[in-house]
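Next comes query03.txt, with compact mmCIF, C-alpha atoms.
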```
# COMPACT_ATOMS: atom_id res chain seq x y z
CA MET A 8 40.75 19.78 67.02
CA LYS A 9 38.34 21.54 69.36
CA ALA A 10 36.02 18.54 69.22
CA LEU A 11 38.76 16.40 70.73
CA HIS A 12 38.84 18.75 73.72
CA ARG A 13 35.55 17.27 74.90
CA GLY A 14 35.47 14.63 77.59
CA TYR A 15 32.65 12.76 75.88
CA VAL A 16 34.90 12.44 72.77
CA THR A 17 38.37 11.95 74.20
CA SER A 18 37.40 9.53 76.96
CA PRO A 19 35.49 6.94 74.87
CA VAL A 20 38.10 7.01 72.10
CA LEU A 21 41.01 6.41 74.46
CA ILE A 22 39.22 3.81 76.60
CA ALA A 23 37.97 1.96 73.53
CA LEU A 24 41.56 1.59 72.34
CA TRP A 25 42.63 0.69 75.86
CA SER A 26 39.88 -1.93 76.06
CA VAL A 27 41.17 -3.63 72.91
CA THR A 28 44.70 -3.67 74.33
CA THR A 29 43.54 -5.11 77.66
CA VAL A 30 41.33 -7.76 76.07
CA ILE A 31 44.14 -8.95 73.79
CA VAL A 32 46.59 -9.24 76.68
CA VAL A 33 44.06 -11.04 78.92
CA ALA A 34 43.14 -13.41 76.07
CA ILE A 35 46.78 -14.29 75.48
CA ALA A 36 47.40 -14.78 79.20
CA LEU A 37 44.35 -17.03 79.59
CA ALA A 38 45.27 -19.04 76.51
CA LEU A 39 48.81 -19.61 77.76
CA GLY A 40 47.76 -20.27 81.35
CA THR A 41 44.86 -22.62 80.71
CA GLY A 42 45.65 -24.11 77.32
CA THR A 43 42.20 -23.03 76.10
CA ALA A 44 41.88 -20.96 72.94
CA ALA A 45 40.70 -17.43 73.69
CA ARG A 46 39.89 -15.20 70.72
CA PRO A 47 39.47 -11.47 71.36
CA SER A 48 36.53 -9.75 69.67
CA ILE A 49 37.75 -6.35 68.51
CA PRO A 50 34.30 -4.82 67.69
CA MET A 51 32.82 -5.76 71.08
CA SER A 52 35.98 -4.58 72.86
CA LEU A 53 35.72 -1.20 71.14
CA LEU A 54 32.00 -0.92 71.89
CA LEU A 55 32.27 -1.85 75.58
CA GLY A 56 35.39 0.26 76.04
CA GLY A 57 33.66 3.26 74.52
CA ALA A 58 30.71 2.78 76.88
CA ILE A 59 33.07 2.72 79.88
CA GLY A 60 34.79 5.81 78.48
CA ILE A 61 31.48 7.67 78.41
CA ALA A 62 30.35 6.49 81.84
CA MET A 63 33.61 7.31 83.64
CA PRO A 64 33.61 11.14 83.24
CA LEU A 65 29.80 11.30 83.31
CA LEU A 66 29.24 9.49 86.63
CA HIS A 67 32.55 10.14 88.44
CA ARG A 68 31.84 6.94 90.41
CA ARG A 69 34.79 4.69 89.65
CA SER A 70 33.71 1.79 91.85
CA LEU A 71 30.18 1.82 90.41
CA VAL A 72 31.49 1.85 86.83
CA ALA A 73 33.93 -0.97 87.64
CA ILE A 74 31.20 -3.18 89.13
CA ALA A 75 28.87 -2.48 86.22
CA ALA A 76 31.65 -3.23 83.73
CA ALA A 77 32.47 -6.54 85.46
CA LEU A 78 28.82 -7.62 85.40
CA ILE A 79 28.25 -6.61 81.77
CA PHE A 80 31.48 -8.20 80.55
CA ALA A 81 30.68 -11.39 82.50
CA ALA A 82 27.10 -11.62 81.21
CA LEU A 83 28.02 -11.01 77.59
CA THR A 84 30.99 -13.40 77.69
CA SER A 85 28.92 -16.19 79.24
CA ILE A 86 26.39 -16.05 76.37
CA GLY A 87 29.05 -15.78 73.66
CA PHE A 88 28.78 -12.07 72.81
CA GLY A 89 31.54 -10.71 75.02
CA PRO A 90 34.94 -9.21 74.19
CA MET A 91 36.44 -12.73 74.19
CA GLU A 92 35.27 -15.98 72.67
CA PHE A 93 36.16 -19.32 74.28
CA GLY A 94 35.81 -22.94 73.35
CA GLU A 95 33.12 -25.09 74.93
CA GLU A 96 35.65 -26.71 77.27
CA ILE A 97 35.94 -23.62 79.45
CA GLY A 98 32.22 -23.61 80.30
CA THR A 99 29.77 -20.84 81.08
CA LEU A 100 31.10 -20.15 84.57
CA GLY A 101 34.70 -19.95 83.36
CA GLY A 102 33.72 -17.56 80.59
CA ALA A 103 31.78 -15.36 83.00
CA LEU A 104 34.72 -15.25 85.41
CA ALA A 105 37.14 -14.33 82.61
CA GLY A 106 34.76 -11.62 81.42
CA ALA A 107 34.41 -10.19 84.93
CA VAL A 108 38.17 -10.03 85.38
CA THR A 109 38.54 -8.33 82.00
CA GLY A 110 35.83 -5.80 82.83
CA LEU A 111 37.44 -4.91 86.15
CA ALA A 112 40.84 -4.57 84.48
CA VAL A 113 39.48 -2.23 81.81
CA ALA A 114 37.43 -0.13 84.25
CA PHE A 115 40.08 0.36 86.92
CA SER A 116 42.82 1.13 84.40
CA ALA A 117 40.41 3.50 82.60
CA SER A 118 39.93 5.41 85.84
CA ARG A 119 43.68 5.95 86.00
CA ILE A 120 43.79 7.17 82.42
CA VAL A 121 40.85 9.59 82.28
CA GLY A 122 40.89 10.37 86.01
CA ASP A 123 38.63 13.31 86.83
CA LEU A 124 38.22 14.29 83.19
CA PRO A 125 35.24 16.63 82.72
CA PHE A 126 32.41 15.34 80.55
CA ALA A 127 32.19 18.52 78.48
CA GLY A 128 34.90 21.06 77.81
CA MET A 129 38.48 20.72 79.01
CA ASP A 130 41.59 22.76 78.48
CA ARG A 131 44.62 21.73 76.44
CA HIS A 132 46.58 20.72 79.53
CA GLU A 133 43.91 18.23 80.62
CA PHE A 134 43.67 16.81 77.12
CA GLU A 135 47.43 16.34 76.73
CA HIS A 136 47.76 14.90 80.23
CA CYS A 137 45.06 12.35 79.48
CA VAL A 138 46.66 11.33 76.17
CA ILE A 139 50.11 11.04 77.79
CA ARG A 140 48.74 8.76 80.51
CA PHE A 141 47.15 6.57 77.85
CA LEU A 142 50.39 6.36 75.85
CA ILE A 143 52.43 5.57 78.97
CA GLY A 144 50.02 2.83 79.99
CA PHE A 145 49.87 1.43 76.46
CA GLY A 146 53.64 1.36 76.15
CA PHE A 147 54.04 -0.22 79.57
CA VAL A 148 51.51 -2.97 78.84
CA VAL A 149 52.89 -3.76 75.38
CA PHE A 150 56.51 -3.77 76.57
CA THR A 151 55.73 -5.88 79.64
CA ALA A 152 53.69 -8.37 77.63
CA SER A 153 56.37 -8.65 74.95
CA VAL A 154 58.91 -9.53 77.64
CA LEU A 155 56.88 -11.63 80.06
CA ILE A 156 54.92 -13.72 77.54
CA PRO A 157 57.97 -15.24 75.79
CA PHE A 158 59.66 -15.75 79.16
CA GLY A 159 56.52 -17.40 80.55
CA VAL A 160 56.30 -19.69 77.51
CA MET A 161 59.94 -20.61 77.99
CA VAL A 162 59.48 -21.44 81.69
CA ALA A 163 56.25 -23.37 81.10
CA THR A 164 57.81 -25.42 78.31
CA SER A 165 60.79 -26.28 80.50
CA LEU A 166 58.40 -27.75 83.09
CA LYS A 167 56.62 -30.01 80.60
CA SER A 168 57.29 -33.63 79.77
CA GLN A 169 57.91 -34.85 76.24
CA GLN A 170 54.53 -36.56 76.19
CA GLU A 171 52.68 -33.38 77.18
CA LEU A 172 54.43 -31.35 74.51
CA LEU A 173 53.55 -33.91 71.83
CA GLN A 174 49.91 -34.08 72.90
CA ASN A 175 49.32 -30.31 72.82
CA PRO A 176 52.31 -28.07 71.97
CA LEU A 177 50.20 -24.94 72.58
CA ASP A 178 49.12 -25.90 76.10
CA TYR A 179 51.34 -23.97 78.50
CA SER A 180 49.37 -24.68 81.66
CA ILE A 181 51.40 -26.21 84.51
CA ASP A 182 50.28 -29.25 86.49
CA LEU A 183 51.35 -28.35 90.03
CA SER A 184 50.34 -31.80 91.32
CA LYS A 185 53.64 -33.16 89.99
CA GLY A 186 55.55 -31.33 92.71
CA TRP A 187 59.31 -31.59 92.31
CA GLY A 188 58.75 -33.69 89.20
CA LEU A 189 58.23 -30.44 87.32
CA LEU A 190 61.98 -29.80 87.62
CA ARG A 191 62.95 -33.03 85.91
CA SER A 192 64.43 -31.26 82.87
CA TYR A 193 66.63 -29.08 85.09
CA ARG A 194 67.92 -32.08 87.03
CA GLU A 195 68.76 -33.92 83.80
CA LEU A 196 70.65 -30.88 82.49
CA PHE A 197 72.97 -30.86 85.49
CA VAL A 198 73.31 -34.66 85.70
CA ASP A 199 73.47 -35.66 82.03
CA TYR A 200 74.64 -32.51 80.22
CA SER A 201 77.21 -31.01 82.66
CA PHE A 202 75.42 -27.67 82.97
CA GLY A 203 77.10 -27.12 86.33
CA SER A 204 80.48 -26.81 84.62
CA TYR A 205 78.99 -24.49 81.98
CA LEU A 206 77.65 -22.23 84.72
CA TRP A 207 80.99 -22.13 86.50
CA THR A 208 82.89 -21.45 83.27
CA SER A 209 80.60 -18.58 82.31
CA PHE A 210 80.81 -17.15 85.83
CA TYR A 211 84.56 -16.99 86.15
CA VAL A 212 85.07 -15.93 82.51
CA SER A 213 82.63 -13.06 83.10
CA VAL A 214 84.31 -12.06 86.37
CA VAL A 215 87.79 -12.12 84.78
CA THR A 216 86.44 -10.08 81.86
CA VAL A 217 85.13 -7.48 84.30
CA LEU A 218 88.48 -7.27 86.13
CA VAL A 219 90.54 -7.01 82.94
CA THR A 220 88.16 -4.43 81.51
CA LEU A 221 88.36 -2.24 84.62
CA LEU A 222 92.14 -2.66 84.77
CA PHE A 223 92.53 -1.08 81.34
CA SER A 224 89.48 1.18 81.09
CA VAL A 225 89.87 3.06 84.40
CA PRO A 226 93.36 4.50 83.70
CA GLY A 227 92.50 4.92 80.01
CA ALA A 228 89.30 6.83 80.71
CA TYR A 229 91.03 8.96 83.35
CA ALA A 230 93.81 9.84 80.92
CA VAL A 231 91.35 10.88 78.21
CA ALA A 232 89.26 12.90 80.69
CA ARG A 233 91.99 14.61 82.71
CA LEU A 234 95.37 14.59 80.98
CA ARG A 235 96.35 16.79 78.06
CA PHE A 236 98.26 15.17 75.20
CA LYS A 237 98.42 15.32 71.43
CA GLY A 238 95.46 13.61 69.78
CA GLN A 239 93.41 13.50 72.98
CA ARG A 240 90.28 14.90 71.34
CA HIS A 241 90.43 12.46 68.43
CA LEU A 242 91.05 9.55 70.79
CA SER A 243 88.06 10.56 72.92
CA GLN A 244 85.79 10.72 69.87
CA SER A 245 87.02 7.45 68.33
CA ILE A 246 86.70 5.21 71.40
CA LEU A 247 83.52 3.58 70.14
CA LEU A 248 84.68 3.15 66.55
CA ILE A 249 85.19 -0.56 67.16
CA TYR A 250 81.43 -0.86 67.70
CA MET A 251 80.84 0.41 64.16
CA VAL A 252 82.40 -2.79 62.80
CA PRO A 253 80.04 -5.81 63.19
CA MET A 254 81.59 -8.70 65.09
CA ILE A 255 80.62 -11.08 62.30
CA VAL A 256 83.07 -9.19 60.03
CA LEU A 257 85.90 -9.82 62.50
CA ALA A 258 84.94 -13.45 63.11
CA LEU A 259 87.09 -14.98 60.36
CA PRO A 260 90.29 -12.97 61.15
CA ILE A 261 89.87 -13.76 64.86
CA TYR A 262 89.35 -17.45 64.12
CA MET A 263 92.44 -17.61 61.90
CA ALA A 264 94.63 -15.67 64.31
CA PHE A 265 93.59 -17.76 67.31
CA SER A 266 94.08 -20.98 65.37
CA VAL A 267 97.62 -20.00 64.40
CA ALA A 268 98.42 -18.87 67.95
CA GLY A 269 96.99 -22.04 69.48
CA LEU A 270 94.38 -20.11 71.46
CA ARG A 271 91.32 -21.62 69.82
CA ASN A 272 89.32 -24.02 71.95
CA SER A 273 90.81 -22.61 75.16
CA ILE A 274 89.45 -20.53 78.01
CA LEU A 275 92.51 -18.29 77.78
CA GLY A 276 91.52 -17.29 74.26
CA ILE A 277 88.01 -16.40 75.40
CA VAL A 278 89.37 -14.33 78.29
CA LEU A 279 91.68 -12.48 75.91
CA ILE A 280 89.05 -11.65 73.29
CA TYR A 281 86.08 -10.74 75.50
CA PRO A 282 87.68 -7.58 76.99
CA VAL A 283 88.37 -6.36 73.45
CA THR A 284 84.62 -6.01 72.99
CA THR A 285 83.93 -4.49 76.40
CA ILE A 286 86.81 -2.05 76.98
CA PRO A 287 85.58 0.56 74.43
CA VAL A 288 82.14 0.91 76.00
CA ALA A 289 83.67 0.97 79.49
CA LEU A 290 86.05 3.74 78.39
CA TYR A 291 83.17 5.72 76.94
CA ILE A 292 81.06 5.48 80.10
CA LEU A 293 83.89 6.16 82.55
CA GLN A 294 85.38 9.13 80.72
CA GLY A 295 82.02 10.89 80.88
CA TYR A 296 81.85 10.27 84.61
CA PHE A 297 85.44 11.42 85.21
CA LYS A 298 84.72 14.64 83.33
CA GLY A 299 81.74 15.20 85.61
CA ILE A 300 83.91 15.17 88.77
CA PRO A 301 85.07 18.74 89.62
CA VAL A 302 88.75 19.05 88.82
CA GLU A 303 89.20 21.30 91.88
CA ILE A 304 88.80 18.28 94.16
CA GLU A 305 91.77 16.54 92.59
CA GLU A 306 93.82 19.74 92.49
CA ALA A 307 93.28 20.11 96.22
CA GLY A 308 94.69 16.63 96.74
CA LEU A 309 97.73 17.44 94.57
CA MET A 310 98.35 20.61 96.58
CA ASP A 311 98.28 18.52 99.77
CA GLY A 312 101.19 16.51 98.46
CA LEU A 313 99.44 13.50 96.96
CA SER A 314 100.74 12.00 93.76
CA ARG A 315 98.53 11.59 90.73
CA LEU A 316 98.10 7.88 91.44
CA SER A 317 97.21 8.60 95.07
CA VAL A 318 94.63 11.14 93.95
CA ILE A 319 93.05 8.56 91.68
CA ARG A 320 93.08 5.87 94.36
CA ARG A 321 91.97 7.99 97.34
CA ILE A 322 89.71 10.61 95.74
CA THR A 323 88.60 9.82 92.22
CA LEU A 324 87.79 6.12 92.48
CA PRO A 325 85.72 6.42 95.69
CA LEU A 326 83.69 9.19 94.02
CA CYS A 327 82.98 7.10 90.93
CA LEU A 328 81.88 3.88 92.64
CA PRO A 329 78.38 4.08 91.07
CA ALA A 330 79.98 4.31 87.63
CA LEU A 331 82.33 1.42 88.37
CA ALA A 332 79.40 -0.68 89.59
CA SER A 333 77.34 0.08 86.48
CA VAL A 334 80.25 -0.65 84.15
CA SER A 335 81.00 -3.90 85.97
CA LEU A 336 77.38 -5.00 85.72
CA TYR A 337 77.15 -4.06 82.06
CA VAL A 338 80.41 -5.83 81.18
CA PHE A 339 79.37 -8.90 83.19
CA MET A 340 76.11 -9.13 81.24
CA ILE A 341 77.92 -8.77 77.91
CA ALA A 342 80.38 -11.53 78.79
CA TRP A 343 77.68 -13.78 80.26
CA ASN A 344 75.43 -13.50 77.19
CA GLU A 345 78.15 -13.55 74.50
CA PHE A 346 77.54 -16.31 71.98
CA LEU A 347 79.24 -15.70 68.63
CA LEU A 348 82.86 -15.83 69.84
CA ALA A 349 82.17 -18.78 72.14
CA PHE A 350 80.43 -20.67 69.35
CA MET A 351 83.29 -19.95 66.96
CA LEU A 352 86.24 -20.64 69.25
CA LEU A 353 85.07 -23.47 71.53
CA ASP A 354 84.64 -27.04 70.35
CA ASP A 355 85.44 -29.03 73.50
CA PRO A 356 82.26 -29.56 75.60
CA SER A 357 84.34 -29.50 78.79
CA LYS A 358 85.20 -25.85 78.05
CA PHE A 359 81.80 -24.61 76.90
CA THR A 360 80.36 -21.42 78.30
CA LEU A 361 76.68 -21.40 79.21
CA THR A 362 75.49 -19.86 75.93
CA ARG A 363 77.54 -22.42 73.98
CA GLY A 364 76.04 -25.20 76.07
CA VAL A 365 72.50 -23.95 75.41
CA ALA A 366 73.23 -23.88 71.67
CA MET A 367 74.30 -27.51 71.90
CA LEU A 368 70.78 -28.38 73.12
CA ASN A 369 69.22 -27.04 69.93
CA SER A 370 69.13 -30.45 68.30
CA SER A 371 66.40 -32.76 67.05
CA GLU A 372 67.86 -35.49 69.24
CA ILE A 373 67.37 -33.49 72.47
CA PRO A 374 63.86 -32.84 73.86
CA ARG A 375 62.63 -29.29 73.44
CA GLN A 376 61.99 -28.85 77.16
CA HIS A 377 65.71 -29.29 77.84
CA LEU A 378 66.52 -26.40 75.52
CA MET A 379 63.97 -24.20 77.30
CA ALA A 380 65.34 -25.23 80.70
CA GLY A 381 68.83 -24.32 79.56
CA ALA A 382 67.59 -20.94 78.38
CA VAL A 383 65.98 -20.32 81.78
CA ILE A 384 69.21 -21.26 83.56
CA ALA A 385 71.13 -18.83 81.35
CA SER A 386 68.62 -16.00 81.84
CA VAL A 387 67.70 -16.10 85.53
CA PRO A 388 71.13 -15.41 87.14
CA VAL A 389 71.89 -12.32 85.08
CA LEU A 390 68.27 -11.15 85.42
CA ALA A 391 68.46 -11.45 89.21
CA LEU A 392 71.81 -9.65 89.21
CA PHE A 393 70.42 -6.84 87.11
CA MET A 394 67.31 -6.45 89.28
CA GLY A 395 69.43 -6.35 92.43
CA LEU A 396 71.95 -3.80 91.12
CA GLU A 397 69.70 -1.81 88.78
CA ARG A 398 69.94 1.36 90.87
CA PHE A 399 73.74 1.36 90.54
CA LEU A 400 73.43 0.91 86.79
CA THR A 401 71.05 3.87 86.53
CA GLN A 402 73.20 6.09 88.75
CA GLY A 403 76.38 5.22 86.92
CA LEU A 404 74.99 5.76 83.44
CA THR A 405 73.39 9.13 84.26
CA ALA A 406 75.84 10.64 86.74
CA GLY A 407 78.38 11.54 84.09
CA SER A 408 75.87 13.09 81.73
CA VAL A 409 76.04 16.50 83.44
CA LYS A 410 79.25 18.18 84.44
CA GLY A 411 79.64 19.29 88.02
```
Full structure transcribed into structure tokens:
Amino acid sequence: MKALHRGYVTSPVLIALWSVTTVIVVAIALALGTGTAARPSIPMSLLLGGAIGIAMPLLHRRSLVAIAAALIFAALTSIGFGPMEFGEEIGTLGGALAGAVTGLAVAFSASRIVGDLPFAGMDRHEFEHCVIRFLIGFGFVVFTASVLIPFGVMVATSLKSQQELLQNPLDYSIDLSKGWGLLRSYRELFVDYSFGSYLWTSFYVSVVTVLVTLLFSVPGAYAVARLRFKGQRHLSQSILLIYMVPMIVLALPIYMAFSVAGLRNSILGIVLIYPVTTIPVALYILQGYFKGIPVEIEEAGLMDGLSRLSVIRRITLPLCLPALASVSLYVFMIAWNEFLLAFMLLDDPSKFTLTRGVAMLNSSEIPRQHLMAGAVIASVPVLALFMGLERFLTQGLTAGSVKG
């Protein structure tokens, strides 16, 4: 273990592993962006990464190491011995440029990982801090790549023509010279497949689901958090029991009940069943937040002559706006992305939600780029909504975790 507490051991080991990770991600990105096969060379990546790991704590000249790494990576890649191997179509100059970019990426990120790590001895704190930075960077890169690469493939495919997909299904490069012609699949979805109505249906079903969920979950969560009644503790602990039963188990009873009641293939049926799946989680989140609000604040309002409902409306609800915003966003995303119930209960295309409409595109008779375009249309609105309101979601989910 003491040997690991040496900069000349820890640094090359970590940077060698980091070099492999970087090379693999760059190779995948280049392959998807240019349509040219890029094969990472693990042995060369380890060797070059280890060399950078030795040079970084030894020289303490980050810019010099980065320039040297870019030149070495470029030279080796151009002659076919670099960390990545390309086909002949990319050429010597293209290979050198890709190698230089990879070298800079490895060197600059390595400087953030090892930092001012001493070449010889280091204490346990420095060692652990260095390893933690490596693990954080590794996790961030892997998670980001696992999310962005499939999304990028989906977007690139949606911008292709049928002829391009048949010629080279693995070429995800985009021909920007087409201009607005790249959006042909999206235009055909709205003109020929009524995706505008699917969007509108999903939007107002999700909004109604949010309103119905809040209508029932706010008083329910407040009652569990504040009022004292028989069975309160058991009710509080069993709120999420419905989530222990998979929805697929309830699919057949729901289908039969809705068919008998005449609610199948209707928007009303969807609006009635969606809140059933969202109210438990809303109750769970809100009761934790209500318990975190000091009870003395509400007691002061009661002593001033306010009724219990007035206290909730004038004091409690304004204090829990972050929680209400986070619950609304979470419920909206659940309703927007719900597929099983919509697929089971809706048969009329004029009443399809967006997810049901996207599933309809998964057919051998419909071009693959239309399916990808539909998936982009279904993903982007809720993604933009989440990115815009993410701070409210974080505040609402964490505010009730600690009592005031």
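Between atom CA of A:Asn344 and atom CA of A:Phe202 the interatomic distance comes to 15.3 Å.
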One decimal, Å: what's the distance from atom CA of A:Phe350 over to atom CA of A:Thr362, could you say?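 Distance reported for this atom pair: 8.3 Å.
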Which neighbours of stretch 273-280 of chain A fall inside 10 Å, counting all atoms listed in the file, when residues of the same chain fewer than 6 positions from it are skipped, and could you give them as JSON, numbers by chain? {"A": [208, 211, 212, 213, 214, 215, 216, 219, 261, 265, 266, 342, 348, 349, 352, 353, 354, 355, 358, 359, 360]}
Within 12 Å of A:Leu172 using all atoms listed in the file, minus same-chain residues under 4 positions, as a ChimeraX atom specification: /A:42,163-168,176-181,374-377
Sel. within 9 Å of pt (96.8, 12.5, 96.1), counting only C-alpha atoms, output as an mmCIF file with C-alpha atoms, in the coordinates of the input:
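This is the output file out27.cif:
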```cif
data_model
loop_
_atom_site.group_PDB
_atom_site.id
_atom_site.type_symbol
_atom_site.label_atom_id
_atom_site.label_comp_id
_atom_site.auth_asym_id
_atom_site.auth_seq_id
_atom_site.Cartn_x
_atom_site.Cartn_y
_atom_site.Cartn_z
ATOM 1 C CA GLU A 305 91.770 16.540 92.590
ATOM 2 C CA GLU A 306 93.820 19.740 92.490
ATOM 3 C CA ALA A 307 93.280 20.110 96.220
ATOM 4 C CA GLY A 308 94.690 16.630 96.740
ATOM 5 C CA LEU A 309 97.730 17.440 94.570
ATOM 6 C CA MET A 310 98.350 20.610 96.580
ATOM 7 C CA ASP A 311 98.280 18.520 99.770
ATOM 8 C CA GLY A 312 101.190 16.510 98.460
ATOM 9 C CA LEU A 313 99.440 13.500 96.960
ATOM 10 C CA SER A 314 100.740 12.000 93.760
ATOM 11 C CA ARG A 315 98.530 11.590 90.730
ATOM 12 C CA LEU A 316 98.100 7.880 91.440
ATOM 13 C CA SER A 317 97.210 8.600 95.070
ATOM 14 C CA VAL A 318 94.630 11.140 93.950
ATOM 15 C CA ILE A 319 93.050 8.560 91.680
ATOM 16 C CA ARG A 320 93.080 5.870 94.360
ATOM 17 C CA ARG A 321 91.970 7.990 97.340
ATOM 18 C CA ILE A 322 89.710 10.610 95.740
#
```
Shell around A:Ile86 at 10 Å using all atoms listed in the file, local window under 3 positions removed, as a PDB file with C-alpha atoms, keeping the file's coordinate frame:
```
ATOM      1  CA  ALA A  81      30.680 -11.390  82.500  1.00  0.00           C
ATOM      2  CA  ALA A  82      27.100 -11.620  81.210  1.00  0.00           C
ATOM      3  CA  LEU A  83      28.020 -11.010  77.590  1.00  0.00           C
ATOM      4  CA  GLY A  89      31.540 -10.710  75.020  1.00  0.00           C
ATOM      5  CA  GLU A  92      35.270 -15.980  72.670  1.00  0.00           C
ATOM      6  CA  THR A  99      29.770 -20.840  81.080  1.00  0.00           C
ATOM      7  CA  GLY A 102      33.720 -17.560  80.590  1.00  0.00           C
ATOM      8  CA  ALA A 103      31.780 -15.360  83.000  1.00  0.00           C
TER       9      ALA A 103
END
```
What lies within 10 Å of stretch 70-79 of chain A using all atoms listed in the file, ignoring chain neighbours under 2 positions off, as a ChimeraX atom specification? /A:55-56,58-60,62-63,66-68,81-85,89,103-118
For A:Gly395, the nearest of the candidates A:Ser333, A:Asn369, A:Ser48, A:Ser357, counting only C-alpha atoms: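 Ranked by minimum distance to A:Gly395, first place goes to A:Ser333.
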I need the residue nearest A:Pro90 from this list: A:Thr43, A:Ser153, A:Thr17, A:Ser26. Use all atoms listed in the file for the distance.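 Of A:Thr43, A:Ser153, A:Thr17, A:Ser26, the one nearest A:Pro90 is A:Ser26, counting all atoms listed in the file.
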Interatomic distance, atom CA of A:Ile292 to atom CA of A:Leu218 (Å, one decimal):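 Those two atoms sit 15.9 Å apart.
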Considering all atoms listed in the file, can you say which of A:Glu345, A:Lys237, A:Thr28, A:Gly227 comes closest to A:Gly144? A:Thr28
Taking all atoms listed in the file into account, which of A:Ala34, A:Asn272, A:Val162, A:Ser52 comes nearest A:Tyr193?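 Answer, going by the shortest atom-to-atom distance: A:Val162.
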N, CA, C and O atoms restored at stretch 112-123 of chain A, emitted as an mmCIF file, in the coordinates of the input:
```
data_model
loop_
_atom_site.group_PDB
_atom_site.id
_atom_site.type_symbol
_atom_site.label_atom_id
_atom_site.label_comp_id
_atom_site.auth_asym_id
_atom_site.auth_seq_id
_atom_site.Cartn_x
_atom_site.Cartn_y
_atom_site.Cartn_z
ATOM 1 N N ALA A 112 39.545 -5.075 84.937
ATOM 2 C CA ALA A 112 40.840 -4.570 84.480
ATOM 3 C C ALA A 112 40.668 -3.334 83.601
ATOM 4 O O ALA A 112 41.395 -2.335 83.756
ATOM 5 N N VAL A 113 39.706 -3.376 82.693
ATOM 6 C CA VAL A 113 39.480 -2.230 81.810
ATOM 7 C C VAL A 113 38.986 -1.027 82.601
ATOM 8 O O VAL A 113 39.462 0.100 82.415
ATOM 9 N N ALA A 114 38.039 -1.244 83.520
ATOM 10 C CA ALA A 114 37.430 -0.130 84.250
ATOM 11 C C ALA A 114 38.429 0.540 85.187
ATOM 12 O O ALA A 114 38.530 1.778 85.227
ATOM 13 N N PHE A 115 39.147 -0.246 85.969
ATOM 14 C CA PHE A 115 40.080 0.360 86.920
ATOM 15 C C PHE A 115 41.234 1.063 86.210
ATOM 16 O O PHE A 115 41.670 2.138 86.635
ATOM 17 N N SER A 116 41.754 0.454 85.143
ATOM 18 C CA SER A 116 42.820 1.130 84.400
ATOM 19 C C SER A 116 42.280 2.362 83.682
ATOM 20 O O SER A 116 42.990 3.365 83.555
ATOM 21 N N ALA A 117 41.012 2.324 83.244
ATOM 22 C CA ALA A 117 40.410 3.500 82.600
ATOM 23 C C ALA A 117 40.309 4.659 83.579
ATOM 24 O O ALA A 117 40.498 5.825 83.210
ATOM 25 N N SER A 118 40.014 4.339 84.847
ATOM 26 C CA SER A 118 39.930 5.410 85.840
ATOM 27 C C SER A 118 41.270 6.087 86.056
ATOM 28 O O SER A 118 41.333 7.276 86.374
ATOM 29 N N ARG A 119 42.352 5.347 85.863
ATOM 30 C CA ARG A 119 43.680 5.950 86.000
ATOM 31 C C ARG A 119 44.027 6.790 84.777
ATOM 32 O O ARG A 119 44.821 7.734 84.885
ATOM 33 N N ILE A 120 43.466 6.442 83.642
ATOM 34 C CA ILE A 120 43.790 7.170 82.420
ATOM 35 C C ILE A 120 42.999 8.472 82.319
ATOM 36 O O ILE A 120 43.562 9.555 82.148
ATOM 37 N N VAL A 121 41.671 8.385 82.436
ATOM 38 C CA VAL A 121 40.850 9.590 82.280
ATOM 39 C C VAL A 121 40.734 10.365 83.584
ATOM 40 O O VAL A 121 40.479 11.579 83.573
ATOM 41 N N GLY A 122 40.902 9.675 84.729
ATOM 42 C CA GLY A 122 40.890 10.370 86.010
ATOM 43 C C GLY A 122 39.610 11.153 86.233
ATOM 44 O O GLY A 122 38.504 10.641 86.080
ATOM 45 N N ASP A 123 39.775 12.422 86.589
ATOM 46 C CA ASP A 123 38.630 13.310 86.830
ATOM 47 C C ASP A 123 38.347 14.166 85.592
ATOM 48 O O ASP A 123 38.038 15.358 85.684
#
```
